[in-house]
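Asker: The structure's right below; bear with me while I get my questions together.
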Amino acid sequence: MTERDPSKRRRWPWILGGIFVLSPLCCCGLPIMLLTLAMPAAPARERGEPDRVQVTGGTIEGVKRDDGIRVFKGVPFAEPPLGELRWKPPQPVKPWIGVRKADRFGPPPMQSALAKLAFGSSPSEDSLYLNVWTPAKDATERRPVMVWIYGGAFNGGGAGDALSDGSNLAKKGVVLVTFNHRVGVFGFLAHPELSRESGQGSGCYGIQDQVAALRWVRENIARFGGDPDRVTVFGQSSGGTSVSILAQSPLARGLFQRAICQSGGAMAPIKSAADESPGLIQSLPLAEEQGKRFLASLGVKDIKAARALSADAVMKGNSGGLPWPVADGETIVGDPYTLYQTGRFNDTPVLVGYTSNDGGLFGSPRKTPAEFEKEVRMNYNYKEDAAAFLAAYPHATAAEASRSARDMLRDLLFGTSTWAWARLQTEKGKHKAYLYYFDYGAAPGEAGHGAEVAFVFGNLGGWFMPKATQENVAMSDAVMSYWVNFAANGDPNGPGLPEWPAFDPKEMKAMTFGKSPQAGPTPNLEKLRAYEVYWSRLRERRSK
């Protein structure tokens, strides 16, 4: 094996920094920060007739709208993680007296203050609330349930934006749930003291919030006419990666029966050093070192002192890296790929995919062939790795080199994990996988990161959203129908829709959403295989 040159420095920190700066993310390849600056916040209060439901903690009062959809917003599913509960797993809700109003969203989780423009309220640590849209008239019905996890690079986002309003999916027949989870350093700080507190590891509080929300759904959704035995968890970007993590986590076992991942996945090797290729899960030692730097930047000596600080003071800290989910030994118990290979995962039907220009948001400016080759050899500085990527990604011209630079990021961050997940589920599980490639937009190959989200929710025509043209409405209806069919039956197919074949490792079929949905060969297969071989070599090197 050829030794790498230690003098060559990789550029992964720059890539990850770009993901953080430009995230949360949105449709059309634009940063969602730009979207939220332009979008009006969701209405302050939902309007309609009072509608009461008994849930864990007490009685809530939502509204029944004129269109028949019953809506409940700002429902607590865990105690506010304040003070001594900061950087601890979510705790059960304390009962309240009387009727609690549930007609407006709770605040988004603690993050940049600019989030107020999107969500209509300032970010807060007191953010563990969920929202329900249900078409069911009463608790005697048993509708399929879909639970959404937002994107935002695990450092932003929230469940109260106009893009993920659940009304249209509810009109399709499902009970739709969205919820907040802790993000950034509040959700993903690891530290040796926190690991000693738990007796295992630390750094996955945001994922544990997701598990708590799913437990709430399991215990309460039947009261909204939902079926607790037909729960689909779905998400995009870091929300899709969260779905992938939940599919491997022992804590989430039995809490959902289907999984949809949109431009996410977590099948890359666990990141164990700061200069390694950007796996989305960090090792506990690496994350704890980052946590120690973070406490030092706050000017405090221990976790107790850090918990005494205000949330705003904590936001000013600097860890020298990004807070990401951590292989804490409890929530994430090992290398995701290995867990699947050895059958240690939550076996459900999965529907997974990504967009044609998923890497465009993170890509570098226009490149010459020489610049592209130099960057590949810098980032993949074992000769056999660089040679494989240079063979798989065309770069004879500046146009090809620029496109391939974006495509490499697409496949590194989203494509390869998605394809590997579909294959492993099919090979190692009892349930089917369905793979898609979203390429619907102004031109082939230009569907940006998050381009499918508005179509999944049917929310067209808003500022910075796709226009509600006849073609867009038809595409959205098809996408929603596939998603709802999958939630109902574990199979996206249904009347009036082009057939979507289950993934087969031999045939490698996928559904491509181009001008219309059409099944065919998995796009970019030779590129995906190049990354899988690279990841296999990387795991082998680390095991020596």
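Ordered as shown in the structure tokens, chains take letters A, B, and onward, while each chain numbers its residues from 1 and ligands are numbered from 1 in the order shown.
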Can you list every residue of region 224-315 of chain A that has an atom at most 7 Å from region 149-155 of chain A, with its nearest atom pair and the distance in Å to one decimal, using only C-alpha atoms, ordered by chain then number, as JSON lines?

Answerer:
```
{"residue": "A:Phe234", "atom": "CA", "partner": "A:Ile149", "partner_atom": "CA", "distance": 6.2}
{"residue": "A:Gly235", "atom": "CA", "partner": "A:Ile149", "partner_atom": "CA", "distance": 4.5}
{"residue": "A:Gln236", "atom": "CA", "partner": "A:Gly151", "partner_atom": "CA", "distance": 5.4}
{"residue": "A:Ser237", "atom": "CA", "partner": "A:Gly151", "partner_atom": "CA", "distance": 4.9}
{"residue": "A:Ser238", "atom": "CA", "partner": "A:Gly151", "partner_atom": "CA", "distance": 4.6}
{"residue": "A:Gly239", "atom": "CA", "partner": "A:Gly151", "partner_atom": "CA", "distance": 4.5}
```

Asker: Output N, CA and C atoms for every residue in the selection just made, as a short mmCIF file (atom, residue, chain, number, x, y, z; two decimals), in the first residue's frame.

Answerer:
```
data_model
loop_
_atom_site.label_atom_id
_atom_site.label_comp_id
_atom_site.auth_asym_id
_atom_site.auth_seq_id
_atom_site.Cartn_x
_atom_site.Cartn_y
_atom_site.Cartn_z
N PHE A 234 -39.58 10.65 8.85
CA PHE A 234 -38.97 11.14 7.62
C PHE A 234 -38.30 12.48 7.87
N GLY A 235 -37.24 12.75 7.10
CA GLY A 235 -36.50 13.98 7.30
C GLY A 235 -35.58 14.26 6.14
N GLN A 236 -35.07 15.50 6.10
CA GLN A 236 -34.21 15.94 5.01
C GLN A 236 -32.91 16.52 5.55
N SER A 237 -31.81 16.32 4.82
CA SER A 237 -30.50 16.82 5.20
C SER A 237 -30.11 16.25 6.57
N SER A 238 -29.80 17.08 7.57
CA SER A 238 -29.48 16.50 8.88
C SER A 238 -30.69 15.77 9.46
N GLY A 239 -31.90 16.15 9.02
CA GLY A 239 -33.09 15.39 9.42
C GLY A 239 -33.09 14.00 8.80
#
```

Asker: Against region 342-361 of chain A, which residues of region 397-488 of chain A fall within 8 Å? For each one I want the closest pair of atoms and the distance in Å (one decimal), counting only C-alpha atoms, rows by chain and increasing residue number, as a Markdown table.

Answerer:
```
| residue | atom | partner | partner_atom | distance |
| --- | --- | --- | --- | --- |
| A:Arg406 | CA | A:Gly359 | CA | 4.9 |
| A:Asp407 | CA | A:Gly359 | CA | 5.9 |
| A:Met408 | CA | A:Gly359 | CA | 7.3 |
| A:Leu409 | CA | A:Gly359 | CA | 4.8 |
| A:Arg410 | CA | A:Gly359 | CA | 3.9 |
| A:Asp411 | CA | A:Gly359 | CA | 7.7 |
| A:Leu413 | CA | A:Gly359 | CA | 7.7 |
| A:Phe414 | CA | A:Tyr354 | CA | 6.6 |
| A:Gly415 | CA | A:Tyr354 | CA | 6.3 |
| A:Thr418 | CA | A:Gly353 | CA | 6.0 |
| A:Trp419 | CA | A:Gly353 | CA | 7.7 |
| A:Trp421 | CA | A:Val352 | CA | 8.0 |
| A:Ala422 | CA | A:Val352 | CA | 7.0 |
| A:Gln425 | CA | A:Asp347 | CA | 7.6 |
| A:Lys428 | CA | A:Gly343 | CA | 6.2 |
| A:Gly429 | CA | A:Asp347 | CA | 5.8 |
| A:Lys430 | CA | A:Asp347 | CA | 6.8 |
| A:His431 | CA | A:Pro349 | CA | 4.9 |
| A:Lys432 | CA | A:Pro349 | CA | 5.0 |
| A:Ala433 | CA | A:Val350 | CA | 4.8 |
| A:Tyr434 | CA | A:Leu351 | CA | 4.6 |
| A:Leu435 | CA | A:Val352 | CA | 5.1 |
| A:Tyr436 | CA | A:Gly353 | CA | 4.5 |
| A:Tyr437 | CA | A:Tyr354 | CA | 5.4 |
| A:Phe438 | CA | A:Thr355 | CA | 4.5 |
| A:Asp439 | CA | A:Ser356 | CA | 5.2 |
| A:Pro444 | CA | A:Ser356 | CA | 7.9 |
| A:Gly445 | CA | A:Ser356 | CA | 5.0 |
| A:Glu446 | CA | A:Asn357 | CA | 5.1 |
| A:Ala447 | CA | A:Asn357 | CA | 5.1 |
| A:Gly448 | CA | A:Asn357 | CA | 4.7 |
| A:His449 | CA | A:Asp358 | CA | 4.3 |
| A:Gly450 | CA | A:Thr355 | CA | 7.6 |
| A:Ala451 | CA | A:Thr355 | CA | 7.2 |
| A:Glu452 | CA | A:Thr355 | CA | 7.7 |
| A:Phe486 | CA | A:Leu351 | CA | 7.9 |
```

Asker: Let me make sure I understand: among A:Ser249, A:Thr232, A:Ser417, A:Thr331, which one has the smallest atom-to-atom distance to Gly201 (chain A) if we use only C-alpha atoms?

Answerer: A:Thr331

Asker: For Lys94 (chain A), find every residue with an atom within 10 Å (counting only C-alpha atoms), except residues of its own chain fewer than 3 positions away, and show them as a list in words.

Answerer: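 Result of the neighbour search: Thr56, Gly57, Gly58, Pro76, Phe77, Ala78, Glu79, Pro80 and Gln91 of chain A.
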
Asker: With a distance cut-off of 7 Å and only C-alpha atoms, select the neighbouring residues of Gln282 (chain A), excluding the residue or stretch itself and same-chain residues fewer than 5 positions from it, and output the selection as a list in words.

Answerer: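 Answer for this query is Ile270, Lys271, Ser272, Ala287, Trp324, Pro325, Val326 and Ala327 of chain A.
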